[in-house]
$ cat structure-v7.cif   # mmCIF, C-alpha atoms
data_structure
#
loop_
_atom_site.label_atom_id
_atom_site.label_comp_id
_atom_site.auth_asym_id
_atom_site.auth_seq_id
_atom_site.Cartn_x
_atom_site.Cartn_y
_atom_site.Cartn_z
CA MET A 1 33.39 23.25 21.69
CA PHE A 2 36.27 20.95 20.80
CA LEU A 3 38.20 22.00 23.92
CA LEU A 4 35.24 21.09 26.09
CA TYR A 5 34.84 17.66 24.53
CA PRO A 6 38.29 16.23 23.76
CA ARG A 7 36.95 12.87 22.58
CA TRP A 8 34.75 14.66 20.06
CA SER A 9 37.65 16.85 18.93
CA VAL A 10 39.86 13.87 18.15
CA LEU A 11 37.07 11.99 16.38
CA TYR A 12 36.05 14.95 14.29
CA GLY A 13 39.63 15.84 13.40
CA LEU A 14 40.32 12.29 12.29
CA LEU A 15 37.23 12.24 10.13
CA CYS A 16 38.17 15.51 8.48
CA VAL A 17 41.47 13.96 7.43
CA LEU A 18 40.03 10.64 6.32
CA VAL A 19 36.90 11.70 4.49
CA ALA A 20 37.60 15.32 3.57
CA TYR A 21 34.71 17.06 5.28
CA PRO A 22 34.90 20.15 3.00
CA ALA A 23 33.68 17.87 0.17
CA TYR A 24 30.40 17.60 2.07
CA ALA A 25 28.78 19.91 -0.45
CA GLN A 26 25.20 20.99 0.00
CA ILE A 27 22.71 23.15 -1.82
CA ASN A 28 22.24 26.73 -0.69
CA GLU A 29 18.62 27.07 -1.80
CA SER A 30 15.76 24.73 -2.64
CA VAL A 31 15.59 22.73 -5.86
CA GLY A 32 12.58 21.30 -7.71
CA ALA A 33 8.89 22.15 -7.49
CA ALA A 34 8.12 25.73 -6.36
CA ALA A 35 11.81 26.21 -5.54
CA ALA A 36 14.56 28.79 -6.07
CA ASN A 37 16.37 26.51 -8.56
CA ARG A 38 19.72 28.26 -8.67
CA ARG A 39 21.81 26.72 -11.45
CA GLU A 40 24.61 25.59 -9.11
CA ASP A 41 22.14 23.91 -6.75
CA VAL A 42 20.24 22.18 -9.55
CA LEU A 43 23.51 20.91 -11.00
CA GLN A 44 24.49 19.50 -7.60
CA MET A 45 21.16 17.66 -7.32
CA GLN A 46 21.44 16.26 -10.84
CA ARG A 47 24.91 14.91 -10.06
CA LEU A 48 23.72 13.35 -6.81
CA LEU A 49 20.69 11.75 -8.46
CA ASN A 50 22.85 10.32 -11.24
CA ALA A 51 25.13 8.78 -8.60
CA VAL A 52 22.26 6.76 -7.08
CA PRO A 53 21.60 3.32 -8.64
CA ASP A 54 18.28 2.82 -10.42
CA LEU A 55 17.15 0.13 -7.94
CA SER A 56 17.79 2.52 -5.04
CA GLY A 57 15.66 5.28 -6.53
CA GLY A 58 18.05 6.90 -8.99
CA PRO A 59 16.80 8.02 -12.42
CA LYS A 60 16.05 5.25 -14.90
CA GLN A 61 17.79 7.30 -17.56
CA ARG A 62 20.79 9.43 -16.69
CA LEU A 63 19.89 13.10 -16.30
CA ASP A 64 21.50 15.80 -18.39
CA GLU A 65 23.63 17.73 -15.91
CA ASP A 66 22.66 21.12 -17.28
CA GLY A 67 21.59 22.96 -14.12
CA LYS A 68 17.98 23.28 -15.30
CA VAL A 69 14.87 21.83 -13.64
CA GLY A 70 12.95 20.23 -16.47
CA PRO A 71 10.37 17.41 -16.46
CA GLN A 72 13.06 14.70 -16.23
CA THR A 73 14.82 16.24 -13.23
CA LEU A 74 11.52 16.84 -11.43
CA ALA A 75 10.39 13.27 -12.15
CA ALA A 76 13.74 11.96 -10.89
CA ILE A 77 13.39 13.87 -7.60
CA LYS A 78 9.88 12.51 -7.09
CA ARG A 79 10.94 8.96 -7.95
CA PHE A 80 13.78 9.10 -5.45
CA GLN A 81 11.52 10.50 -2.73
CA ARG A 82 8.85 7.90 -3.42
CA MET A 83 11.24 4.96 -3.26
CA GLN A 84 13.44 6.19 -0.42
CA LEU A 85 11.27 8.41 1.76
CA GLY A 86 7.65 7.46 1.17
CA PHE A 87 6.49 10.84 -0.17
CA GLU A 88 6.96 12.83 -3.37
CA ASP A 89 6.61 16.59 -3.19
CA GLY A 90 9.29 17.10 -5.85
CA ARG A 91 11.26 19.58 -3.76
CA VAL A 92 14.74 19.28 -2.24
CA ASP A 93 15.48 21.68 0.61
CA PRO A 94 18.92 22.45 2.07
CA GLN A 95 19.69 19.89 4.79
CA GLY A 96 16.20 18.44 4.34
CA LYS A 97 15.37 14.74 4.30
CA THR A 98 15.72 14.38 0.54
CA GLU A 99 19.13 16.04 0.31
CA LEU A 100 20.50 14.14 3.31
CA ARG A 101 19.37 10.79 1.92
CA LEU A 102 20.69 11.64 -1.55
CA MET A 103 24.09 12.59 -0.19
CA ARG A 104 24.33 9.44 1.89
CA LEU A 105 23.42 7.09 -0.96
CA ALA A 106 25.69 8.96 -3.34
CA GLY A 107 28.59 8.48 -0.93
CA LYS A 108 28.92 12.17 -0.08
CA HIS A 109 27.85 12.07 3.55
CA VAL A 110 30.27 12.12 6.49
CA LEU A 111 29.84 8.80 8.27
CA LEU A 112 30.56 8.04 11.90
CA GLY A 113 33.34 5.49 11.43
CA GLY A 114 34.25 3.70 8.23
CA ALA A 115 33.18 0.32 9.64
CA ASP A 116 29.56 1.46 9.65
CA THR A 117 29.36 2.17 5.95
CA GLU A 118 28.17 -1.31 5.00
CA VAL A 119 25.62 -1.34 7.82
CA GLU A 120 24.25 2.01 6.69
CA LYS A 121 23.90 0.64 3.17
CA GLN A 122 21.92 -2.29 4.56
CA MET A 123 19.72 0.09 6.53
CA ALA A 124 19.15 2.21 3.41
CA GLU A 125 18.01 -0.89 1.55
CA LEU A 126 15.73 -1.88 4.42
CA THR A 127 14.28 1.65 4.53
CA SER A 128 13.62 1.59 0.81
CA ALA A 129 11.97 -1.83 1.03
CA PHE A 130 9.65 -0.93 3.91
CA ALA A 131 8.86 2.63 2.83
CA SER A 132 7.59 1.81 -0.64
CA ILE A 133 5.88 -1.46 -1.61
CA ALA A 134 5.80 -1.92 -5.40
CA VAL A 135 2.84 -3.72 -6.99
CA SER A 136 1.65 -4.07 -10.57
CA VAL A 137 -1.68 -2.51 -11.57
CA ASP A 138 -2.74 -2.92 -15.20
CA GLY A 139 0.87 -3.36 -16.25
CA LYS A 140 2.06 -0.27 -14.39
CA THR A 141 4.07 -0.17 -11.17
CA VAL A 142 2.35 1.53 -8.24
CA PHE A 143 4.27 2.37 -5.05
CA VAL A 144 2.50 2.24 -1.70
CA ARG A 145 3.74 3.36 1.71
CA PRO A 146 2.41 0.89 4.30
CA PRO A 147 0.15 2.17 7.09
CA TYR A 148 0.70 1.42 10.77
CA HIS A 149 -0.75 -1.73 12.27
CA ILE A 150 -0.36 -3.37 15.65
CA ASN A 151 -2.05 -6.63 16.52
CA ALA A 152 -3.60 -5.31 19.71
CA GLY A 153 -6.55 -3.28 20.96
CA ARG A 154 -8.90 -1.54 18.57
CA ARG A 155 -6.73 -2.09 15.49
CA LYS A 156 -6.61 -5.84 16.09
CA ALA A 157 -10.36 -6.04 16.68
CA ASN A 158 -11.16 -4.04 13.54
CA ALA A 159 -8.77 -6.03 11.36
CA GLU A 160 -10.13 -9.37 12.59
CA ALA A 161 -13.73 -8.24 12.06
CA ASN A 162 -12.95 -7.08 8.52
CA ARG A 163 -11.15 -10.33 7.70
CA LYS A 164 -14.05 -12.37 9.02
CA ALA A 165 -16.51 -10.35 6.94
CA ASN A 166 -14.60 -11.09 3.72
CA PRO A 167 -13.84 -14.83 3.41
CA ALA A 168 -11.89 -14.41 0.16
CA ILE A 169 -9.44 -12.00 1.76
CA ARG A 170 -9.25 -14.07 4.94
CA LYS A 171 -8.34 -17.14 2.90
CA LEU A 172 -5.75 -15.18 0.94
CA LEU A 173 -4.14 -13.88 4.15
CA TYR A 174 -3.94 -17.20 5.92
CA ASN A 175 -2.57 -19.00 2.86
CA ALA A 176 0.12 -16.37 2.28
CA PRO A 177 3.83 -16.98 2.97
CA GLY A 178 4.53 -16.05 6.57
CA SER A 179 0.81 -15.93 7.35
CA VAL A 180 1.42 -15.90 11.12
CA GLU A 181 3.65 -12.84 10.81
CA VAL A 182 1.23 -11.14 8.41
CA ALA A 183 -1.69 -11.78 10.77
CA ASN A 184 0.22 -10.42 13.76
CA GLY A 185 1.38 -7.08 12.38
CA LYS A 186 4.96 -8.23 11.71
CA ALA A 187 4.89 -8.51 7.92
CA THR A 188 8.01 -8.12 5.78
CA PRO A 189 7.92 -5.99 2.60
CA ASP A 190 7.89 -9.17 0.49
CA GLN A 191 4.98 -10.59 2.49
CA MET A 192 3.02 -7.36 2.10
CA ARG A 193 3.80 -7.29 -1.61
CA HIS A 194 2.70 -10.91 -2.06
CA VAL A 195 -0.65 -10.38 -0.32
CA LEU A 196 -1.28 -7.10 -2.12
CA GLN A 197 -0.50 -8.45 -5.56
CA ALA A 198 -2.66 -11.53 -5.00
CA ALA A 199 -5.54 -9.35 -3.81
CA ILE A 200 -5.17 -6.98 -6.78
CA ASP A 201 -5.05 -9.87 -9.24
CA ALA A 202 -8.21 -11.31 -7.65
CA ASP A 203 -10.05 -7.96 -7.96
CA LEU A 204 -10.32 -7.62 -4.19
CA VAL A 205 -8.87 -4.10 -4.00
CA SER A 206 -10.74 -0.94 -4.95
CA PRO A 207 -9.94 1.73 -5.93
CA LEU A 208 -6.63 0.77 -7.52
CA THR A 209 -4.83 3.93 -6.50
CA PRO A 210 -1.90 4.30 -4.06
CA GLN A 211 -4.32 5.57 -1.39
CA GLY A 212 -6.91 2.89 -2.17
CA ILE A 213 -4.29 0.16 -1.89
CA ARG A 214 -2.97 1.70 1.33
CA ASP A 215 -6.51 1.74 2.74
CA PHE A 216 -6.79 -1.98 1.89
CA LEU A 217 -3.67 -2.68 3.97
CA ALA A 218 -5.05 -0.68 6.89
CA THR A 219 -8.51 -2.27 6.71
CA TYR A 220 -7.16 -5.81 6.94
CA GLY A 221 -4.19 -5.13 9.22
CA ILE A 222 -1.42 -5.97 6.75
CA SER A 223 1.71 -4.12 7.81
CA THR A 224 4.23 -4.07 10.64
CA ASP A 225 4.44 -2.40 14.02
CA CYS A 226 7.44 -0.56 15.44
CA SER A 227 9.06 -3.55 17.16
CA GLY A 228 8.49 -5.76 14.13
CA LEU A 229 10.39 -3.26 12.00
CA ALA A 230 13.28 -3.06 14.49
CA ALA A 231 13.43 -6.84 14.86
CA ARG A 232 13.64 -7.29 11.09
CA ALA A 233 16.64 -4.97 11.04
CA CYS A 234 18.31 -6.84 13.91
CA ASN A 235 17.83 -10.16 12.15
CA GLN A 236 19.26 -8.76 8.94
CA LEU A 237 22.34 -7.42 10.73
CA TYR A 238 22.80 -10.40 13.08
CA PRO A 239 21.47 -13.50 11.28
CA ASP A 240 23.37 -15.84 13.61
CA ALA A 241 21.26 -14.74 16.60
CA PRO A 242 17.78 -14.05 15.20
CA LEU A 243 14.95 -12.65 17.30
CA ASP A 244 11.57 -14.36 17.42
CA VAL A 245 9.76 -11.59 15.55
CA VAL A 246 6.23 -12.63 16.56
CA ASN A 247 6.67 -13.76 20.15
CA LYS A 248 9.72 -11.94 21.53
CA ALA A 249 10.28 -8.78 19.52
CA ASN A 250 8.53 -6.14 21.63
CA THR A 251 9.54 -2.77 23.01
CA ALA A 252 9.93 -4.05 26.58
CA TYR A 253 12.48 -6.63 25.42
CA LEU A 254 14.32 -4.21 23.12
CA ALA A 255 14.63 -1.69 25.96
CA LYS A 256 16.54 -4.28 28.02
CA LEU A 257 19.29 -4.72 25.43
CA PRO A 258 22.75 -3.24 26.23
CA SER A 259 22.70 0.55 26.49
CA VAL A 260 24.75 2.81 24.23
CA ALA A 261 27.13 4.93 26.32
CA SER A 262 26.94 8.28 24.52
CA PRO A 263 25.85 9.94 21.26
CA ALA A 264 29.41 9.55 19.96
CA ASP A 265 28.93 5.77 20.21
CA LEU A 266 25.71 5.66 18.19
CA LYS A 267 25.75 3.56 15.03
CA ALA A 268 23.34 2.47 12.34
CA GLY A 269 21.40 -0.52 13.62
CA HIS A 270 21.09 0.82 17.16
CA MET A 271 17.64 1.51 18.59
CA MET A 272 15.91 4.48 20.18
CA VAL A 273 13.52 2.87 22.66
CA LYS A 274 10.82 3.79 25.10
CA GLY A 275 10.12 0.51 26.91
CA GLY A 276 6.57 -0.75 26.57
CA SER A 277 5.71 2.08 24.21
CA HIS A 278 7.73 2.61 21.03
CA VAL A 279 11.00 1.89 19.24
CA ARG A 280 12.80 3.61 16.38
CA LEU A 281 15.64 2.18 14.33
CA LEU A 282 18.78 4.23 13.64
CA THR A 283 19.56 3.98 9.94
CA ASP A 284 22.53 6.32 9.70
CA VAL A 285 24.69 8.45 12.00
CA ASP A 286 26.65 11.50 10.91
CA VAL A 287 29.28 13.73 12.47
CA THR A 288 28.73 17.43 11.83
CA PRO A 289 30.24 20.56 13.38
CA GLU A 290 26.96 21.04 15.28
CA GLY A 291 26.88 17.59 16.89
CA ILE A 292 25.90 13.99 16.28
CA GLU A 293 23.05 13.75 13.77
CA PHE A 294 21.11 10.59 13.04
CA THR A 295 18.12 9.37 11.09
CA THR A 296 15.52 6.98 12.49
CA LEU A 297 13.03 4.72 10.76
CA GLU A 298 9.80 3.86 12.54
CA SER A 299 6.31 2.51 12.16
CA THR A 300 4.01 4.77 14.13
CA ALA A 301 0.33 5.34 14.80
CA SER A 302 0.96 9.10 14.97
CA LYS A 303 0.13 11.02 11.80
CA LEU A 304 3.64 12.41 11.42
CA PHE A 305 4.30 11.76 7.77
CA PRO A 306 3.01 13.35 4.54
CA ASN A 307 0.17 10.87 4.10
CA GLY A 308 -0.56 9.98 7.70
CA ASP A 309 0.62 7.20 9.99
CA GLY A 310 2.80 4.25 9.08
CA ILE A 311 6.43 3.85 8.13
CA GLY A 312 8.65 6.90 7.78
CA GLU A 313 11.83 8.67 8.83
CA ARG A 314 12.81 11.44 11.22
CA ARG A 315 16.08 13.32 11.73
CA TRP A 316 17.64 14.12 15.13
CA ARG A 317 20.72 15.73 16.67
CA PHE A 318 22.59 15.73 19.98
CA PRO A 319 24.71 18.92 20.28
CA ASP A 320 26.99 17.32 22.90
CA PRO A 321 28.54 14.06 21.64
CA GLU A 322 29.23 12.95 25.21
CA ARG A 323 25.73 13.31 26.65
CA PHE A 324 22.24 12.13 25.77
CA ASP A 325 20.86 15.56 26.53
CA GLN A 326 19.11 18.43 24.71
CA LEU A 327 17.91 16.25 21.84
CA GLN A 328 16.85 18.21 18.77
CA GLU A 329 14.56 17.17 15.91
CA MET A 330 14.60 18.49 12.37
CA LYS A 331 11.39 20.36 11.58
CA GLY A 332 11.25 21.69 8.06
CA ASN A 333 14.80 22.80 7.32
CA ARG A 334 16.11 23.39 10.84
CA PHE A 335 16.64 21.61 14.14
CA VAL A 336 14.44 22.56 17.09
CA GLU A 337 14.22 21.24 20.65
CA ALA A 338 12.61 17.80 20.69
CA SER A 339 9.52 17.13 22.78
CA SER A 340 9.84 15.96 26.38
CA TYR A 341 8.39 12.63 25.22
CA ASP A 342 11.22 12.14 22.72
CA GLN A 343 13.86 13.33 25.20
CA ALA A 344 12.98 10.37 27.44
CA TYR A 345 14.02 7.64 24.98
CA ILE A 346 17.01 5.41 25.71
CA TYR A 347 19.46 4.01 23.16
CA THR A 348 20.21 0.30 22.92
CA SER A 349 22.21 -2.11 20.79
CA ARG A 350 21.54 -5.70 19.75
CA LYS A 351 25.26 -6.40 20.20
#
$ encode --input "structure-v7.cif" --output "structure tokens"
Amino acid sequence: MFLLYPRWSVLYGLLCVLVAYPAYAQINESVGAAAANRREDVLQMQRLLNAVPDLSGGPKQRLDEDGKVGPQTLAAIKRFQRMQLGFEDGRVDPQGKTELRLMRLAGKHVLLGGADTEVEKQMAELTSAFASIAVSVDGKTVFVRPPYHINAGRRKANAEANRKANPAIRKLLYNAPGSVEVANGKATPDQMRHVLQAAIDADLVSPLTPQGIRDFLATYGISTDCSGLAARACNQLYPDAPLDVVNKANTAYLAKLPSVASPADLKAGHMMVKGGSHVRLLTDVDVTPEGIEFTTLESTASKLFPNGDGIGERRWRFPDPERFDQLQEMKGNRFVEASSYDQAYIYTSRK
């Protein structure tokens, strides 16, 4: 493989020297709920969890690194998943989403170029912010993964009808910070949190469960669409040249940005775009012996994630670092050939 792709060979060899690829430890079997829970694997997960800061989803109290899955370790896995990935099944699978995110945040992942490390940290923070909105309910913190909303078609009509039918909620929405963005499906996590908390405090949300609160967001169209999510990331990375999130940030515009030449050139902050249809944000890119792997964050109407549509992550791989060809997607614990729809995406960069 390395002889066929000399550029890849040099890049990979350099990374092995600089970041010590053999230290890229991983579990051999699953850890957590209904898992194999081999002592060595559990110990690895406990160490990784302890290396993640509390505000990024690490345990509030340091775990005992004893190689045993007790209530604290299981709760720590679920907390990390909830804050970082938008679900909480309590299980970590080898090379699954939870392990990959843990290793990246704990500084154990092989990154594509040292200069991208800070960008990937910013993307991890953005992912955490969008994937899990924290609100207070009766003195307890409840985390909610936002649903999908686009201010067009049936979703727009339904949201506007529901707002009109409830004057108290309509007033709350249009008096909120960034009301134009909130009303147009381009809300930031802080804007969503503000509206939600105000509605909860005014007894406008029922039932006060994660799903009930999520249904409230969907009913009144309080979330962000795919281009709104990508534009927020662009504006965070390039504050000197901000995009007009409401009027200009759409998939057609994002598809016209400069193209990325090859998988080997992919970086966090780049976009995976299908013009006029959908956009995904690359949040991290990794070099592995099997190819270029990357994670995307998206807001989608498709029910791809554990609790339906909305904001979530997917993992991809190009076997050949020189060609955007034979894209693979992680399904369960292994990569399989991506759909023809996903193969047709292009890759663009804000700069």
$ residues_around --input "structure-v7.cif" --residues "Arg280 (chain A)" --least-positions-apart "4" --cutoff "12 Å" --atoms "only C-alpha atoms" --output "ChimeraX atom specification"
/A:225-231,233,250-251,254-255,268-275,294-300,311-316,342,345-349
$ resolve_selection --input "structure-v7.cif" --expression "the PyMOL selection byres ((chain A and resi 195) around 9)" --output "list of chain:residue names"
A:Leu172, A:Leu173, A:Ala176, A:Pro177, A:Val182, A:Asp190, A:Gln191, A:Met192, A:Arg193, A:His194, A:Leu196, A:Gln197, A:Ala198, A:Ala199, A:Ile200, A:Ile222
$ residues_near_point --input "structure-v7.cif" --point "(22.0, 15.2, -4.7)" --cutoff "8 Å" --atoms "only C-alpha atoms" --output "PDB file with C-alpha atoms, in the coordinates of the input"
ATOM      1  CA  GLN A  44      24.490  19.500  -7.600  1.00  0.00           C
ATOM      2  CA  MET A  45      21.160  17.660  -7.320  1.00  0.00           C
ATOM      3  CA  GLN A  46      21.440  16.260 -10.840  1.00  0.00           C
ATOM      4  CA  ARG A  47      24.910  14.910 -10.060  1.00  0.00           C
ATOM      5  CA  LEU A  48      23.720  13.350  -6.810  1.00  0.00           C
ATOM      6  CA  LEU A  49      20.690  11.750  -8.460  1.00  0.00           C
ATOM      7  CA  GLU A  99      19.130  16.040   0.310  1.00  0.00           C
ATOM      8  CA  LEU A 102      20.690  11.640  -1.550  1.00  0.00           C
ATOM      9  CA  MET A 103      24.090  12.590  -0.190  1.00  0.00           C
ATOM     10  CA  ALA A 106      25.690   8.960  -3.340  1.00  0.00           C
TER      11      ALA A 106
END
$ closest_residue --input "structure-v7.cif" --among "A:Ala35, A:Arg91, A:Pro147, A:Glu181" --to "Val245 (chain A)" --atoms "all atoms listed in the file"
A:Glu181
$ closest_residue --input "structure-v7.cif" --among "A:Ser262, A:Asn175, A:Gln95, A:Asn235" --to "Ser30 (chain A)" --atoms "only C-alpha atoms"
A:Gln95
$ atom_distance --input "structure-v7.cif" --atom1 "CA of Pro210 (chain A)" --atom2 "CA of Val144 (chain A)"
5.4 Å
$ residues_around --input "structure-v7.cif" --residues "Glu88 (chain A)" --least-positions-apart "5" --cutoff "9 Å" --atoms "only C-alpha atoms" --output "ChimeraX atom specification"
/A:77-83,306
$ closest_residue --input "structure-v7.cif" --among "A:Gln61, A:Thr98, A:Lys68, A:Val52" --to "Glu40 (chain A)" --atoms "only C-alpha atoms"
A:Lys68
$ resolve_selection --input "structure-v7.cif" --expression "the PyMOL selection byres ((chain A and resi 318-331) around 7)" --output "PDB file with C-alpha atoms, in the frame of the given file"
ATOM      1  CA  TRP A   8      34.750  14.660  20.060  1.00  0.00           C
ATOM      2  CA  SER A 262      26.940   8.280  24.520  1.00  0.00           C
ATOM      3  CA  PRO A 263      25.850   9.940  21.260  1.00  0.00           C
ATOM      4  CA  ALA A 264      29.410   9.550  19.960  1.00  0.00           C
ATOM      5  CA  GLU A 290      26.960  21.040  15.280  1.00  0.00           C
ATOM      6  CA  GLY A 291      26.880  17.590  16.890  1.00  0.00           C
ATOM      7  CA  ILE A 292      25.900  13.990  16.280  1.00  0.00           C
ATOM      8  CA  GLU A 293      23.050  13.750  13.770  1.00  0.00           C
ATOM      9  CA  ARG A 315      16.080  13.320  11.730  1.00  0.00           C
ATOM     10  CA  TRP A 316      17.640  14.120  15.130  1.00  0.00           C
ATOM     11  CA  ARG A 317      20.720  15.730  16.670  1.00  0.00           C
ATOM     12  CA  GLY A 332      11.250  21.690   8.060  1.00  0.00           C
ATOM     13  CA  ASN A 333      14.800  22.800   7.320  1.00  0.00           C
ATOM     14  CA  ARG A 334      16.110  23.390  10.840  1.00  0.00           C
ATOM     15  CA  PHE A 335      16.640  21.610  14.140  1.00  0.00           C
ATOM     16  CA  VAL A 336      14.440  22.560  17.090  1.00  0.00           C
ATOM     17  CA  GLU A 337      14.220  21.240  20.650  1.00  0.00           C
ATOM     18  CA  ALA A 338      12.610  17.800  20.690  1.00  0.00           C
ATOM     19  CA  GLN A 343      13.860  13.330  25.200  1.00  0.00           C
TER      20      GLN A 343
END
